[in-house]
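Below is the file input18.cif, which contains mmCIF, C-alpha atoms.
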```
data_data
#
loop_
_atom_site.label_atom_id
_atom_site.label_comp_id
_atom_site.auth_asym_id
_atom_site.auth_seq_id
_atom_site.Cartn_x
_atom_site.Cartn_y
_atom_site.Cartn_z
CA MET A 1 -11.96 22.27 -32.70
CA TRP A 2 -12.70 25.31 -34.82
CA LYS A 3 -9.23 26.67 -34.48
CA ARG A 4 -7.54 26.81 -37.81
CA ASP A 5 -4.29 24.92 -38.05
CA GLU A 6 -1.94 27.73 -39.01
CA GLY A 7 0.92 25.30 -39.38
CA VAL A 8 -0.48 23.69 -42.49
CA LYS A 9 -1.90 26.77 -44.16
CA PRO A 10 0.18 27.83 -47.12
CA ALA A 11 -0.13 31.61 -46.93
CA SER A 12 0.69 32.28 -50.54
CA ASP A 13 -2.04 30.00 -51.83
CA VAL A 14 -4.92 31.53 -49.89
CA THR A 15 -6.89 34.15 -51.78
CA PRO A 16 -7.78 37.03 -49.45
CA SER A 17 -11.18 37.48 -51.09
CA ALA A 18 -12.01 33.85 -50.40
CA GLN A 19 -12.16 34.45 -46.65
CA PRO A 20 -15.66 35.02 -45.30
CA PRO A 21 -16.49 38.23 -43.46
CA GLN A 22 -15.88 38.24 -39.71
CA SER A 23 -18.83 37.33 -37.56
CA SER A 24 -20.54 40.25 -35.90
CA MET A 25 -21.94 38.02 -33.16
CA PRO A 26 -19.36 37.28 -30.49
CA GLY A 27 -19.59 33.86 -28.93
CA THR A 28 -21.11 32.25 -31.98
CA PRO A 29 -18.78 29.57 -33.28
CA GLN A 30 -18.10 29.89 -36.95
CA PRO A 31 -16.78 27.04 -39.07
CA ALA A 32 -13.20 27.67 -40.02
CA PRO A 33 -12.88 28.54 -43.69
CA ARG A 34 -11.14 25.89 -45.72
CA PRO A 35 -7.97 27.25 -47.20
CA GLN A 36 -7.93 27.06 -50.97
CA THR A 37 -4.65 25.31 -51.42
CA GLY A 38 -5.29 23.93 -54.87
CA ARG A 39 -4.15 20.57 -53.52
CA ASP A 40 -6.10 17.91 -51.69
CA ALA A 41 -4.66 16.09 -48.73
CA VAL A 42 -5.75 12.75 -47.34
CA ASN A 43 -5.04 11.14 -44.01
CA ILE A 44 -4.78 7.48 -43.17
CA GLY A 45 -5.51 7.18 -39.49
CA LYS A 46 -3.41 5.29 -37.00
CA SER A 47 -5.88 2.42 -36.64
CA VAL A 48 -5.75 1.68 -40.38
CA VAL A 49 -3.64 -1.20 -41.70
CA ILE A 50 -3.13 -1.55 -45.44
CA LYS A 51 -1.44 -4.48 -47.11
CA GLY A 52 -0.86 -4.19 -50.82
CA GLU A 53 -0.32 -1.41 -53.30
CA LEU A 54 -1.28 2.17 -52.52
CA SER A 55 -1.27 4.77 -55.29
CA GLY A 56 -2.89 8.12 -55.92
CA SER A 57 -2.64 11.69 -57.08
CA GLU A 58 -3.18 13.54 -53.81
CA ASP A 59 -0.92 14.44 -50.95
CA LEU A 60 -1.13 11.78 -48.30
CA THR A 61 -0.38 11.57 -44.61
CA ILE A 62 -0.09 8.11 -43.12
CA GLU A 63 -0.44 7.59 -39.40
CA GLY A 64 -1.32 3.91 -39.71
CA GLN A 65 0.53 0.92 -41.09
CA VAL A 66 1.20 0.12 -44.73
CA GLU A 67 2.93 -2.96 -46.11
CA GLY A 68 3.62 -3.37 -49.81
CA LYS A 69 4.16 -0.49 -52.20
CA ILE A 70 3.24 3.20 -52.18
CA GLU A 71 3.20 5.29 -55.35
CA LEU A 72 2.51 9.01 -55.19
CA LYS A 73 4.83 10.14 -57.92
CA ASP A 74 3.45 13.68 -58.21
CA ASN A 75 2.57 14.25 -54.61
CA ILE A 76 3.90 14.66 -51.11
CA LEU A 77 3.82 11.67 -48.80
CA THR A 78 4.10 12.30 -45.08
CA ILE A 79 4.66 9.46 -42.68
CA GLY A 80 3.30 10.74 -39.38
CA ALA A 81 4.83 10.05 -36.01
CA ASN A 82 2.56 7.02 -35.57
CA GLY A 83 3.05 5.74 -39.11
CA LYS A 84 4.83 2.44 -39.74
CA ILE A 85 5.67 1.62 -43.33
CA LYS A 86 7.16 -1.57 -44.70
CA ALA A 87 7.08 -0.77 -48.36
CA GLN A 88 8.81 0.46 -51.45
CA VAL A 89 7.97 4.13 -51.67
CA PHE A 90 7.81 6.30 -54.79
CA ALA A 91 6.82 9.92 -54.27
CA LYS A 92 7.58 13.46 -55.32
CA ALA A 93 8.55 14.30 -51.77
CA LEU A 94 8.68 12.19 -48.65
CA ILE A 95 8.59 13.53 -45.10
CA VAL A 96 9.24 10.98 -42.39
CA LEU A 97 8.33 11.45 -38.76
CA GLY A 98 7.51 7.79 -38.15
CA GLU A 99 9.13 4.56 -39.34
CA VAL A 100 9.90 3.50 -42.88
CA THR A 101 11.45 0.17 -43.77
CA GLY A 102 12.09 -0.18 -47.46
CA ASN A 103 13.67 1.61 -50.37
CA VAL A 104 12.58 5.15 -51.11
CA THR A 105 12.63 7.00 -54.44
CA ALA A 106 11.62 10.66 -54.47
CA SER A 107 11.86 12.96 -57.47
CA GLU A 108 12.24 16.11 -55.34
CA LYS A 109 13.28 15.50 -51.76
CA VAL A 110 13.34 13.25 -48.74
CA GLU A 111 13.23 14.65 -45.24
CA ILE A 112 13.78 12.49 -42.18
CA ARG A 113 12.79 14.62 -39.23
CA ASP A 114 13.68 14.34 -35.57
CA GLY A 115 12.31 11.04 -34.33
CA GLY A 116 11.83 9.70 -37.85
CA SER A 117 13.44 6.47 -38.97
CA VAL A 118 14.35 5.03 -42.37
CA ASP A 119 15.86 1.60 -42.92
CA GLY A 120 16.53 1.36 -46.62
CA ASP A 121 18.14 2.97 -49.61
CA ILE A 122 17.15 6.49 -50.62
CA ILE A 123 17.29 7.86 -54.16
CA SER A 124 16.50 11.56 -54.32
CA PRO A 125 18.20 14.77 -55.49
CA ARG A 126 17.74 16.32 -52.04
CA VAL A 127 17.99 14.52 -48.73
CA ALA A 128 17.76 16.10 -45.30
CA ILE A 129 18.31 14.03 -42.18
CA ALA A 130 17.61 15.86 -38.95
CA GLU A 131 19.50 15.52 -35.72
CA GLY A 132 17.83 12.74 -33.77
CA ALA A 133 16.64 10.90 -36.85
CA HIS A 134 17.58 7.30 -37.51
CA PHE A 135 18.86 6.21 -40.89
CA ARG A 136 20.42 2.98 -42.04
CA GLY A 137 21.11 2.39 -45.69
CA SER A 138 22.49 4.31 -48.63
CA VAL A 139 21.73 7.70 -50.12
CA ASP A 140 21.97 8.32 -53.84
CA MET A 141 21.68 12.00 -54.78
CA GLN A 142 21.95 12.50 -58.51
CA ARG A 143 23.92 15.66 -59.05
CA LYS A 144 22.64 18.20 -61.54
CA ALA A 145 25.54 20.64 -61.14
CA ALA A 146 28.62 21.47 -63.22
CA PRO A 147 31.09 18.86 -64.53
CA ALA A 148 32.89 16.96 -61.86
CA SER A 149 36.38 18.22 -62.62
CA GLN A 150 35.33 21.83 -62.04
CA PRO A 151 35.25 22.89 -58.41
CA SER A 152 31.86 24.26 -57.50
CA LYS A 153 31.41 27.97 -56.91
CA SER A 154 30.56 27.39 -53.29
CA ALA A 155 33.82 25.54 -52.90
CA GLN A 156 36.00 28.41 -54.05
CA PRO A 157 35.49 30.65 -51.02
CA ALA A 158 35.99 27.62 -48.84
CA ALA A 159 39.27 26.89 -50.59
CA GLN A 160 40.37 30.46 -50.01
CA ALA A 161 39.39 30.14 -46.38
CA ALA A 162 41.37 26.93 -46.16
CA ALA A 163 44.49 28.83 -47.18
CA SER A 164 44.27 30.77 -43.94
CA VAL A 165 44.01 27.78 -41.63
CA PRO A 166 46.94 26.89 -39.37
CA GLN A 167 49.75 25.20 -41.22
CA PRO A 168 50.63 21.61 -40.41
CA VAL A 169 53.58 21.25 -38.11
CA ALA A 170 54.90 18.10 -39.73
CA ARG A 171 54.52 16.14 -42.86
CA MET B 1 40.92 22.24 -21.08
CA ALA B 2 42.14 19.78 -23.67
CA LEU B 3 45.11 20.91 -25.74
CA SER B 4 43.09 20.44 -28.91
CA ASN B 5 40.57 23.02 -27.73
CA LEU B 6 43.26 25.69 -27.65
CA PHE B 7 43.61 25.49 -31.41
CA GLY B 8 40.01 24.95 -32.34
CA ARG B 9 37.65 27.78 -33.03
CA PRO B 10 34.65 27.68 -30.71
CA ARG B 11 31.28 27.18 -32.33
CA LYS B 12 29.64 30.52 -32.91
CA ASP B 13 26.31 29.71 -34.48
CA LYS B 14 24.37 28.40 -31.52
CA GLU B 15 21.00 27.13 -32.60
CA GLY B 16 17.95 27.00 -30.44
CA GLY B 17 17.45 23.29 -30.72
CA ALA B 18 21.07 22.28 -30.46
CA ASP B 19 21.82 19.63 -27.90
CA ALA B 20 24.11 20.01 -24.95
CA ALA B 21 26.95 18.31 -26.79
CA ASP B 22 27.24 21.36 -29.01
CA ALA B 23 28.70 23.23 -26.08
CA ASP B 24 31.83 21.08 -26.50
CA ALA B 25 31.91 21.31 -30.28
CA VAL B 26 34.91 22.96 -31.89
CA VAL B 27 35.66 23.74 -35.49
CA VAL B 28 39.05 22.49 -36.58
CA PRO B 29 40.86 22.70 -39.90
CA SER B 30 41.23 19.68 -42.14
CA ARG B 31 43.97 19.50 -44.74
CA VAL B 32 42.94 16.25 -46.39
CA LEU B 33 39.21 16.70 -46.83
CA ALA B 34 39.58 18.94 -49.89
CA PRO B 35 41.90 16.54 -51.78
CA PHE B 36 39.57 13.70 -50.81
CA LEU B 37 36.61 15.56 -52.30
CA ASN B 38 38.58 16.50 -55.41
CA GLY B 39 39.55 12.87 -55.92
CA LEU B 40 35.96 11.72 -55.60
CA ALA B 41 34.60 14.48 -57.83
CA ALA B 42 36.86 13.36 -60.64
CA ARG B 43 35.15 9.96 -60.76
CA GLN B 44 31.94 8.97 -62.49
CA ARG B 45 29.08 8.49 -60.00
CA PRO B 46 31.34 7.70 -57.09
CA VAL B 47 30.36 5.50 -54.19
CA LEU B 48 31.26 6.72 -50.71
CA LEU B 49 31.38 4.66 -47.54
CA ASP B 50 31.09 6.61 -44.27
CA LEU B 51 32.06 4.64 -41.16
CA GLY B 52 30.93 7.28 -38.70
CA PRO B 53 27.50 7.94 -37.23
CA VAL B 54 24.82 9.35 -39.49
CA VAL B 55 25.24 13.11 -39.79
CA GLY B 56 22.46 14.56 -41.90
CA SER B 57 24.37 17.63 -42.98
CA ASN B 58 27.30 15.46 -44.10
CA VAL B 59 25.01 13.35 -46.25
CA THR B 60 23.68 16.50 -47.85
CA PHE B 61 27.16 17.98 -48.25
CA PHE B 62 28.72 14.95 -49.92
CA GLY B 63 25.67 14.34 -52.04
CA GLU B 64 25.58 17.88 -53.37
CA GLU B 65 29.33 18.45 -53.55
CA VAL B 66 30.30 15.17 -55.16
CA GLY B 67 27.03 13.69 -56.35
CA CYS B 68 27.96 10.36 -54.87
CA LYS B 69 26.06 7.41 -53.53
CA ILE B 70 26.66 7.25 -49.80
CA PHE B 71 26.60 4.22 -47.55
CA VAL B 72 26.62 5.00 -43.85
CA GLU B 73 27.90 2.17 -41.65
CA ASP B 74 28.28 3.34 -38.07
CA LEU B 75 31.14 1.27 -36.68
CA SER B 76 31.18 3.12 -33.37
CA ALA B 77 27.77 1.60 -32.64
CA ASP B 78 29.22 -1.83 -33.46
CA ILE B 79 32.14 -1.27 -31.08
CA ASP B 80 29.82 -0.08 -28.31
CA ARG B 81 27.63 -3.13 -28.76
CA HIS B 82 30.61 -5.47 -28.47
CA VAL B 83 31.85 -3.63 -25.38
CA ASN B 84 28.45 -3.79 -23.71
CA GLU B 85 28.04 -7.48 -24.56
CA GLY B 86 31.58 -8.28 -23.41
CA THR B 87 32.58 -9.57 -26.85
CA ILE B 88 35.13 -6.96 -27.80
CA HIS B 89 37.69 -9.70 -28.55
CA ASP B 90 35.38 -10.96 -31.29
CA LEU B 91 35.69 -7.68 -33.13
CA PRO B 92 38.21 -8.97 -35.72
CA ALA B 93 35.90 -11.86 -36.63
CA PHE B 94 32.96 -9.48 -36.76
CA PHE B 95 34.76 -7.16 -39.17
CA GLU B 96 35.56 -10.13 -41.40
CA ARG B 97 31.88 -10.47 -42.25
CA ARG B 98 30.76 -6.90 -41.62
CA PHE B 99 30.95 -5.71 -45.23
CA PRO B 100 29.06 -7.90 -47.70
CA GLN B 101 29.84 -5.61 -50.64
CA GLU B 102 31.78 -6.87 -53.64
CA ALA B 103 35.49 -6.09 -53.92
CA ASP B 104 36.52 -2.92 -55.75
CA THR B 105 33.11 -1.27 -55.49
CA VAL B 106 33.80 1.81 -53.35
CA ASP B 107 35.53 5.00 -54.50
CA GLY B 108 36.03 6.70 -51.17
CA ILE B 109 36.00 5.67 -47.51
CA LEU B 110 35.63 8.03 -44.56
CA CYS B 111 37.12 6.22 -41.58
CA TRP B 112 37.36 9.38 -39.47
CA ASP B 113 39.10 8.31 -36.21
CA ILE B 114 37.50 4.89 -35.77
CA PHE B 115 40.87 3.08 -35.80
CA ASP B 116 41.83 4.84 -32.57
CA TYR B 117 39.19 2.81 -30.73
CA MET B 118 40.42 -0.68 -31.56
CA GLU B 119 43.41 -2.87 -30.90
CA ARG B 120 45.77 -3.97 -33.61
CA PRO B 121 44.06 -7.29 -34.61
CA ALA B 122 40.70 -5.61 -35.14
CA ALA B 123 42.34 -2.70 -36.93
CA GLU B 124 44.17 -5.08 -39.27
CA GLN B 125 41.02 -6.98 -40.09
CA LEU B 126 39.07 -3.79 -40.71
CA ALA B 127 41.82 -2.26 -42.82
CA GLY B 128 41.99 -5.44 -44.90
CA GLN B 129 38.26 -5.34 -45.54
CA LEU B 130 38.32 -1.67 -46.49
CA MET B 131 41.22 -2.19 -48.87
CA ARG B 132 39.25 -5.01 -50.47
CA LEU B 133 36.27 -2.74 -51.04
CA LEU B 134 38.26 0.16 -52.44
CA ARG B 135 38.41 0.59 -56.21
CA PRO B 136 41.72 1.22 -57.99
CA GLU B 137 42.72 4.85 -57.38
CA GLY B 138 40.09 4.97 -54.65
CA LEU B 139 40.73 7.14 -51.58
CA LEU B 140 40.59 6.38 -47.88
CA LEU B 141 40.61 9.13 -45.28
CA ALA B 142 41.53 8.37 -41.69
CA PHE B 143 42.46 10.33 -38.60
CA PHE B 144 44.79 9.12 -35.87
CA GLY B 145 45.30 10.67 -32.48
CA THR B 146 48.91 11.13 -31.43
CA ALA B 147 48.38 12.08 -27.78
CA ASP B 148 47.77 9.47 -25.09
CA PRO B 149 43.97 9.47 -24.75
CA ARG B 150 43.69 7.20 -21.75
CA SER B 151 44.00 10.06 -19.30
CA SER B 152 40.46 11.10 -20.20
CA PRO B 153 37.96 9.92 -17.55
CA ASN B 154 34.90 10.06 -19.82
CA PRO B 155 35.41 8.22 -23.11
CA THR B 156 33.89 9.90 -26.11
CA TYR B 157 33.57 9.37 -29.82
CA THR B 158 33.73 12.32 -32.14
CA ARG B 159 31.04 13.14 -34.64
CA HIS B 160 32.83 14.82 -37.54
CA VAL B 161 30.51 17.37 -39.08
CA VAL B 162 31.70 18.93 -42.33
CA VAL B 163 31.60 22.73 -42.14
CA ASP B 164 33.19 23.29 -45.53
CA ARG B 165 35.95 21.78 -47.64
CA GLY B 166 38.60 22.91 -45.17
CA HIS B 167 36.93 22.62 -41.78
CA LEU B 168 35.25 20.04 -39.60
CA ARG B 169 33.21 20.51 -36.48
CA HIS B 170 34.11 17.96 -33.82
CA ARG B 171 31.15 17.05 -31.68
CA PRO B 172 31.92 14.58 -28.91
CA TYR B 173 29.39 12.05 -27.72
CA GLN B 174 29.48 9.30 -25.16
CA ALA B 175 31.42 6.13 -25.94
CA ALA B 176 31.57 2.75 -24.25
CA ARG B 177 35.34 2.57 -24.51
CA ALA B 178 38.20 5.02 -24.67
CA LYS B 179 40.68 5.46 -27.47
CA GLN B 180 43.41 2.86 -27.37
CA LYS B 181 47.16 3.33 -27.60
CA PRO B 182 48.02 5.77 -30.38
CA SER B 183 49.64 4.30 -33.48
CA VAL B 184 52.95 5.62 -34.66
CA ASN B 185 53.35 6.74 -38.24
CA ARG B 186 55.16 3.58 -39.34
CA ASP B 187 52.41 1.33 -37.93
CA ILE B 188 49.76 3.35 -39.72
CA GLN B 189 51.62 2.96 -42.98
CA ARG B 190 52.00 -0.80 -42.51
CA LEU B 191 48.38 -1.20 -41.48
CA PHE B 192 47.23 -0.05 -44.89
CA GLU B 193 49.87 -1.55 -47.14
CA PRO B 194 49.74 -1.76 -50.14
CA LEU B 195 47.84 1.55 -50.20
CA ARG B 196 49.95 4.62 -50.93
CA ILE B 197 49.90 7.67 -48.68
CA ALA B 198 48.78 10.66 -50.71
CA GLU B 199 48.67 13.12 -47.80
CA ASN B 200 49.95 12.80 -44.25
CA VAL B 201 49.48 15.86 -42.08
CA LEU B 202 49.97 16.32 -38.35
CA LEU B 203 47.78 19.17 -37.20
CA LYS B 204 48.45 21.38 -34.23
CA THR B 205 45.49 19.64 -32.59
CA ASN B 206 47.70 16.51 -32.33
CA LEU B 207 45.52 14.82 -34.90
CA ARG B 208 47.21 13.06 -37.79
CA GLU B 209 45.21 13.19 -41.00
CA VAL B 210 46.12 10.60 -43.59
CA LEU B 211 44.77 10.21 -47.10
CA PHE B 212 45.49 6.85 -48.73
CA ARG B 213 45.17 5.99 -52.39
CA LYS B 214 44.81 2.47 -53.72
CA PRO B 215 47.24 1.86 -56.56
CA ALA B 216 45.99 0.08 -59.64
CA ASP B 217 48.36 -2.86 -59.25
CA ALA B 218 47.16 -3.48 -55.69
CA ALA B 219 43.63 -3.77 -57.02
CA ALA B 220 44.61 -6.70 -59.21
CA ALA B 221 46.22 -8.38 -56.22
CA SER B 222 43.22 -7.84 -53.96
CA THR B 223 40.75 -9.28 -56.44
CA ALA B 224 42.96 -12.33 -56.78
CA GLY B 225 43.15 -12.63 -53.01
CA ILE B 226 46.87 -11.94 -53.01
CA LEU B 227 48.25 -8.90 -51.28
CA PRO B 228 51.97 -8.09 -51.51
CA ALA B 229 53.98 -8.79 -48.40
CA PRO B 230 54.97 -5.71 -46.40
CA SER B 231 58.39 -4.44 -47.46
#
```
Reformat the file's structure so that it appears as structure tokens.
Amino acid sequence: MWKRDEGVKPASDVTPSAQPPQSSMPGTPQPAPRPQTGRDAVNIGKSVVIKGELSGSEDLTIEGQVEGKIELKDNILTIGANGKIKAQVFAKALIVLGEVTGNVTASEKVEIRDGGSVDGDIISPRVAIAEGAHFRGSVDMQRKAAPASQPSKSAQPAAQAAASVPQPVAR
Amino acid sequence: MALSNLFGRPRKDKEGGADAADADAVVVPSRVLAPFLNGLAARQRPVLLDLGPVVGSNVTFFGEEVGCKIFVEDLSADIDRHVNEGTIHDLPAFFERRFPQEADTVDGILCWDIFDYMERPAAEQLAGQLMRLLRPEGLLLAFFGTADPRSSPNPTYTRHVVVDRGHLRHRPYQAARAKQKPSVNRDIQRLFEPLRIAENVLLKTNLREVLFRKPADAAAASTAGILPAPS
């Protein structure tokens, strides 16, 4: 239980001087130092059911059930593998490993990971849907790039590559 | 080995978590994808309708490349459900009410090869619905197999993954029914009248790629519920 969860530790945010000195007594359990992330995170456990409006200014992980509306406009919302959401969601970033039913608006990104499910419309500049994820609805990604009539830079090499593909045999 | 595999480039970038289907994936050229993208990019906040299964990388690609709003409506799942329930003959009636969207609200439609999996009545009903949805000057991209597919013992759909503007990765996955009789060029043209064919390319993979464009005058007819008789 004292093992630090390396997966959630943002390496760049931890100040080396903040770590306590190593224990000189082997076998004595030491409490794991709390990484100084500069950001609080809150969990809603899988036995918790919330009906209504949920808002806040901290990162949030939901493993329980929420029905209604969720607003975390400046924070990251993670729907855990056990989470079941029937709500309109507004967040800076949304990561879905569980189930979301409802429309989603994220100012930065939406990630639907393997096993995650979203039934609803997504509005976000970046959307990533993993292999094995379920999605039903629409995706609206507002483009911030060059004018539409100009082919994008990434498209130019592709267009050159296309010139070398096998020619059609009939037309 | 299928003839199409001879002309496809085998997938090189094997990923650790890739599923077994990737072993059969091939990258093939596409001659109509680039004009389709160019046509969409020229429109203000285009709306795209994708009739294939959800492919995350495609959603990202079209969103970033065109900045469009994407609706994903997996018709292969609908066909499988009708096959499994023994109601495949109801498919035309199903397509009649499948798309609740208003007429002339979609700028581009990705049909991929879904028409290969249905008989003529269902194909006609689906084509009629798609033409109703398409805006004037809107584009519809569809692929049609030209080889007899019924020799294949294991029916598969193809997940079309966009590699770049000129290439698609074909990833087969299990289907409940095989491709039906291939349509000849004339039948394809009539199926989508009054749309105009902007590009019609037969690739060495025996796949016909067709890009249709909805003329402005056809839009007026479709909103009035009157479509010109086939010439």
- At a cut-off of 6 Å, list the chain B residues touching chain A, using all atoms listed in the file, as a PyMOL selection string. chain B and resi 41-42+56+63+67+69-71+165-166+200-203
Taking all atoms of segment 133-137 of chain A that appear in the file, build a box with edges along x, y and z, extend it by 6 Å on every side, and state its centre and edge lengths in Å to one decimal, as lines of an AutoDock Vina configuration file.
```
center_x = 18.9
center_y = 6.6
center_z = -41.3
size_x = 16.5
size_y = 20.5
size_z = 20.8
```
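Our summary of the geometry notes that atom CA of Val59 of chain B is positioned 18.0 Å from atom CA of Arg43 of chain B.
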*Residues near Gly120 of chain A, cut-off 6 Å, only C-alpha atoms, skip fewer than 5 positions along chain, as a ChimeraX atom specification*: /A:101-103,137
As a check of understanding: the span from atom CA of Leu75 of chain B to atom CA of Arg186 of chain B is 24.3 Å
(Q) So the first atom is atom CA of Leu130 of chain B and the second is atom CA of Val54 of chain B; what is the distance between them in Å, to one decimal place? (A)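 It comes out at 18.8 Å.
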Next on the checklist: Applying 7 Å and only C-alpha atoms, which residues near segment 169-183 of chain B remain after dropping the ones on its own chain fewer than 6 positions away? List them as a VMD selection string.
Outcome noted: chain B and resid 21 to 22 24 to 28 80 83 116 to 119 145 to 150 155 to 163
Which residues, named as in the file, does the PyMOL selection byres ((chain A and resi 67-74) around 7) pick out? Answer as a short mmCIF file (atom, residue, chain, number, x, y, z; two decimals) with C-alpha atoms, keeping the file's coordinate frame.
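Everything below was put into selection_34.cif:
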```cif
data_model
loop_
_atom_site.label_atom_id
_atom_site.label_comp_id
_atom_site.auth_asym_id
_atom_site.auth_seq_id
_atom_site.Cartn_x
_atom_site.Cartn_y
_atom_site.Cartn_z
CA ILE A 50 -3.13 -1.55 -45.44
CA LYS A 51 -1.44 -4.48 -47.11
CA GLY A 52 -0.86 -4.19 -50.82
CA GLU A 53 -0.32 -1.41 -53.30
CA LEU A 54 -1.28 2.17 -52.52
CA SER A 55 -1.27 4.77 -55.29
CA GLY A 56 -2.89 8.12 -55.92
CA SER A 57 -2.64 11.69 -57.08
CA GLN A 65 0.53 0.92 -41.09
CA VAL A 66 1.20 0.12 -44.73
CA ASN A 75 2.57 14.25 -54.61
CA ILE A 85 5.67 1.62 -43.33
CA LYS A 86 7.16 -1.57 -44.70
CA ALA A 87 7.08 -0.77 -48.36
CA GLN A 88 8.81 0.46 -51.45
CA VAL A 89 7.97 4.13 -51.67
CA PHE A 90 7.81 6.30 -54.79
CA ALA A 91 6.82 9.92 -54.27
CA LYS A 92 7.58 13.46 -55.32
#
```
Taking the file above as input, evaluate the PyMOL selection byres ((chain B and resi 210) around 12) and report the hits as number ranges by chain.
A: 171; B: 30-33, 35-36, 109-113, 139-145, 185, 188-189, 192, 195-203, 207-209, 211-213
Between B:Val184, B:Ala34, B:Ala93, B:Val72, smallest distance to Asp50 of chain B by only C-alpha atoms belongs to B:Val72
Using the chain letters and numbers from the file, give me the residues hit by the PyMOL selection byres ((chain A and resi 108) around 6), as a JSON list (two decimals) with C-alpha atoms, keeping the file's coordinate frame.
```json
[["chain", "number", "residue", "atom", "x", "y", "z"],
["A", 92, "LYS", "CA", 7.58, 13.46, -55.32],
["A", 93, "ALA", "CA", 8.55, 14.30, -51.77],
["A", 106, "ALA", "CA", 11.62, 10.66, -54.47],
["A", 107, "SER", "CA", 11.86, 12.96, -57.47],
["A", 109, "LYS", "CA", 13.28, 15.50, -51.76]]
```
Subject >> Selection: 7 Å around Lys46 of chain A, all atoms listed in the file, excl. self and same-chain fewer than 6 positions, as a ChimeraX atom specification >> reply: /A:63-64,82-83
Prev. selection, C-alpha atoms, output as a short mmCIF file (atom, residue, chain, number, x, y, z; two decimals), in the frame of the given file:
```cif
data_model
loop_
_atom_site.label_atom_id
_atom_site.label_comp_id
_atom_site.auth_asym_id
_atom_site.auth_seq_id
_atom_site.Cartn_x
_atom_site.Cartn_y
_atom_site.Cartn_z
CA GLU A 63 -0.44 7.59 -39.40
CA GLY A 64 -1.32 3.91 -39.71
CA ASN A 82 2.56 7.02 -35.57
CA GLY A 83 3.05 5.74 -39.11
#
```
